[in-house]
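Encoded as structure tokens, the structure appears first; notes follow it.
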Amino acid sequence: MKAVEIGDGYGIDALRFVQREPVALGPTQVLIRVKAVSLNYRDLLVVNGIDRWRPPVGRIPVSDGVGDVVERGPAVRSLVVGDRVAGLFLPNWHSGKLTPAKLQRSLGGAAYDGMLSEYVVLDEQDVIRVPASLSYEEAATLPCAALTAWHGLIEEGRVKTGDTVLIQGTGGVSLFSLQFALLSGTSVIVLSSSDEKLERVGQLGVQHRINYATTRDWVKPVLDITDGKGVDHVVEVVGADNINQSIEAVAISGTISVIGLIGGLKAEINTEKIMSKQIRLQGIEVGSTEMFASMNQAIETNALRPIVDKVFAFDQAKEALRYLDAGRHFGKVVITI
């Protein structure tokens, strides 16, 4: 089978296409013919060998993928050949609160192979069926970006009709957050540095849009829109010292879901404001299988369609990662296999 793996060194250019022998199935495992994968910022951290995401040579990257079950082990009970399934980002986290044990495995990271391969072998408990209403390309966007957005806003944030949600950017997590927020009946404010992207956000039903490149102090218009109260929930995808602006923009007793870190891994944070405004600063780590099942149900019930920006062929995997790295995307970047 053909796969993409980390080569001798790190960076997109060091990736290499290789031929591998298929892995023999264990009793509870299934062989999946991968049809599509989607890219996340975390995949760039892995490919570039950054910090705790640094993998060994030979690791297959990319966490999110979907395909068809083409063979199953003799003890598999929950799946049949032909099922359309996605790999779980955190296969050990089935339900309940996150624990160290539930964090021990994650696809396409430092310790375990990912989905950028023609075939993968996974345990039946490490996959989930995807909504029949979605294409392979759309379904491939669910395991990380969609589930993270669902976890932050719905499971932890419990947003409701009448709330105001501030969403930063127009990448995968941001646009899923936008879609889930609108489904929940909230008022949405979106930040972007691109007027073109803000226009597209408007077409999705968002009234309040702010270009943070031309409006450097974007907190002021956010407060103006909310009559000085601030927003009930911030989807924080930048991280680093951008969190201080989110602290200024959030309402008293509001929530900031810290999901991204494209601005950096560390910063000085105004802890006094967190205390005096009674802010809930909530870190979000993807989500559980139970959350995934609830999200799938909501997607099917509401006929929600993930927003796919651009689709690349398998042999264009490097070009796809460069496109993601350039930050030009609106929604998800997908590779078909």
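Each chain in the structure tokens gets a letter, A, B, ..., in the order shown, and its residues are numbered from 1; ligands are numbered from 1 in order too.
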
Taking the chain letters and numbering used in this document, name the residues of range 87-124 of chain A that DSSP puts in helix (DSSP H, G or I), as an mmCIF file with N, CA and C atoms, in the first residue's frame.
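This is the output file states10.cif:
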```cif
data_model
loop_
_atom_site.group_PDB
_atom_site.id
_atom_site.type_symbol
_atom_site.label_atom_id
_atom_site.label_comp_id
_atom_site.auth_asym_id
_atom_site.auth_seq_id
_atom_site.Cartn_x
_atom_site.Cartn_y
_atom_site.Cartn_z
ATOM 1 N N ALA A 101 -5.119 8.488 31.095
ATOM 2 C CA ALA A 101 -5.188 7.252 30.309
ATOM 3 C C ALA A 101 -5.888 7.477 28.976
ATOM 4 N N LYS A 102 -6.869 8.369 28.958
ATOM 5 C CA LYS A 102 -7.628 8.623 27.734
ATOM 6 C C LYS A 102 -6.837 9.474 26.744
ATOM 7 N N LEU A 103 -5.757 10.069 27.206
ATOM 8 C CA LEU A 103 -4.893 10.882 26.337
ATOM 9 C C LEU A 103 -3.710 10.099 25.781
ATOM 10 N N GLU A 124 -11.929 -2.021 16.265
ATOM 11 C CA GLU A 124 -13.322 -1.617 16.045
ATOM 12 C C GLU A 124 -13.757 -0.522 17.015
#
```

Proximity check range 58-113 of chain A to range 134-140 of chain A, 8 Å, nearest pairs one decimal Å, only C-alpha atoms, as JSON lines:
```
{"residue": "A:Asp64", "atom": "CA", "partner": "A:Ala140", "partner_atom": "CA", "distance": 6.0}
{"residue": "A:Gly65", "atom": "CA", "partner": "A:Ala140", "partner_atom": "CA", "distance": 4.9}
{"residue": "A:Val66", "atom": "CA", "partner": "A:Ala140", "partner_atom": "CA", "distance": 5.1}
{"residue": "A:Gly67", "atom": "CA", "partner": "A:Tyr136", "partner_atom": "CA", "distance": 7.1}
{"residue": "A:Ala86", "atom": "CA", "partner": "A:Ala140", "partner_atom": "CA", "distance": 6.9}
```

- Message: I'd like the neighbourhood of range 302-316 of chain A as a list in words, where a residue qualifies if any of its atoms comes within 7 Å (using only C-alpha atoms), though same-chain residues fewer than 3 positions away should be ignored.
- Response: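 Selected residues are Glu138, Ala298, Ile299, Glu319, Ala320, His329, Phe330, Gly331, Lys332, Val333, Val334, Ile335, Thr336 and Ile337 of chain A.
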
- Go through A:Asp217, A:Ala249, A:Ser194, A:Gly202 one by one, measure the shortest atom-to-atom distance of each to Arg328 in chain A using only C-alpha atoms, and give the residue with the smallest value.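 Under the stated criterion, the closest residue is A:Ser194.
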
- Considering only C-alpha atoms, state which residue in the set A:Gln207, A:Gln29, A:Thr289, A:Ser117 is at the smallest distance from Arg16 in chain A.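 For Arg16 in chain A, the nearest of the given residues is A:Ser117.
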
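Using only C-alpha atoms, the nearest neighbour of Trp150 in chain A within the list A:Gly287, A:Gly7, A:Gly114, A:Gly108 is A:Gly287.
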
- Message: Using only C-alpha atoms, can you tell me which of A:Ala293, A:Val23, A:Leu324, A:Ala181 comes closest to Leu88 in chain A?
- Response: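 That would be A:Ala293, the residue with the smallest distance to Leu88 in chain A.
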
- Give me the residues within 6 Å of range 47-49 of chain A as a ChimeraX atom specification, counting only C-alpha atoms and dropping any in the same chain fewer than 4 places off. /A:10-11,54

- Got a sec: who's within 10 Å of Asn242 in chain A, counting only C-alpha atoms, leaving out chain neighbours fewer than 4 positions off, as a PyMOL selection string? chain A and resi 236-238+246-247+261+263-264+267-269

Output C-alpha atoms for every residue in the selection just made, as a CSV table (one decimal), in the first residue's frame.
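Contents of result_0.csv, freshly written:
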```
chain,number,residue,atom,x,y,z
A,236,GLU,CA,-10.1,31.3,21.0
A,237,VAL,CA,-8.1,29.8,18.2
A,238,VAL,CA,-5.1,32.1,18.3
A,246,SER,CA,-10.5,37.7,24.5
A,247,ILE,CA,-10.5,38.5,28.2
A,261,LEU,CA,-2.3,28.0,19.4
A,263,GLY,CA,-0.1,32.6,17.8
A,264,GLY,CA,2.3,30.6,20.0
A,267,ALA,CA,2.2,34.3,26.8
A,268,GLU,CA,1.7,36.6,29.8
A,269,ILE,CA,-2.0,36.5,30.7
```

- Task: List the neighbours of Ile167 in chain A out to 9 Å using only C-alpha atoms; skip same-chain residues closer than 3 positions along the sequence, and give me the result as a list in words.
- Result: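 Counting only the stated atoms, we get Thr170, Ser174, Leu175, Ser177, Leu178, Val188, Ile189, Val190, Leu191, His233, Val234, Val235, Glu236 and Val237 of chain A.
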
Taking N, CA and C atoms for each residue, export the selection above as a JSON list (two decimals), in the first residue's frame.
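Contents of selection_12.json, freshly written:
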```json
[["chain", "number", "residue", "atom", "x", "y", "z"],
["A", 170, "THR", "N", -11.56, 31.83, 10.16],
["A", 170, "THR", "CA", -12.46, 31.09, 9.28],
["A", 170, "THR", "C", -11.86, 29.75, 8.87],
["A", 174, "SER", "N", -13.21, 27.06, 13.47],
["A", 174, "SER", "CA", -13.97, 28.30, 13.53],
["A", 174, "SER", "C", -15.28, 28.19, 12.78],
["A", 175, "LEU", "N", -15.25, 27.63, 11.58],
["A", 175, "LEU", "CA", -16.49, 27.56, 10.80],
["A", 175, "LEU", "C", -17.44, 26.50, 11.34],
["A", 177, "SER", "N", -17.65, 25.92, 14.53],
["A", 177, "SER", "CA", -18.19, 26.65, 15.68],
["A", 177, "SER", "C", -19.29, 27.59, 15.23],
["A", 178, "LEU", "N", -19.07, 28.27, 14.13],
["A", 178, "LEU", "CA", -20.08, 29.17, 13.57],
["A", 178, "LEU", "C", -21.37, 28.39, 13.27],
["A", 188, "VAL", "N", -23.85, 35.67, 16.48],
["A", 188, "VAL", "CA", -22.45, 35.35, 16.21],
["A", 188, "VAL", "C", -21.71, 36.59, 15.70],
["A", 189, "ILE", "N", -20.49, 36.77, 16.22],
["A", 189, "ILE", "CA", -19.56, 37.79, 15.73],
["A", 189, "ILE", "C", -18.33, 37.04, 15.22],
["A", 190, "VAL", "N", -17.87, 37.37, 14.01],
["A", 190, "VAL", "CA", -16.71, 36.69, 13.43],
["A", 190, "VAL", "C", -15.60, 37.69, 13.16],
["A", 191, "LEU", "N", -14.37, 37.30, 13.52],
["A", 191, "LEU", "CA", -13.17, 38.08, 13.21],
["A", 191, "LEU", "C", -12.41, 37.42, 12.07],
["A", 233, "HIS", "N", -19.46, 33.90, 25.02],
["A", 233, "HIS", "CA", -18.52, 32.81, 24.74],
["A", 233, "HIS", "C", -17.55, 33.25, 23.64],
["A", 234, "VAL", "N", -16.27, 32.97, 23.86],
["A", 234, "VAL", "CA", -15.24, 33.25, 22.85],
["A", 234, "VAL", "C", -14.64, 31.92, 22.40],
["A", 235, "VAL", "N", -14.58, 31.71, 21.09],
["A", 235, "VAL", "CA", -13.85, 30.58, 20.53],
["A", 235, "VAL", "C", -12.45, 31.09, 20.21],
["A", 236, "GLU", "N", -11.51, 30.80, 21.09],
["A", 236, "GLU", "CA", -10.14, 31.33, 21.03],
["A", 236, "GLU", "C", -9.24, 30.33, 20.28],
["A", 237, "VAL", "N", -8.92, 30.68, 19.03],
["A", 237, "VAL", "CA", -8.10, 29.77, 18.21],
["A", 237, "VAL", "C", -6.68, 30.28, 18.00]]
```
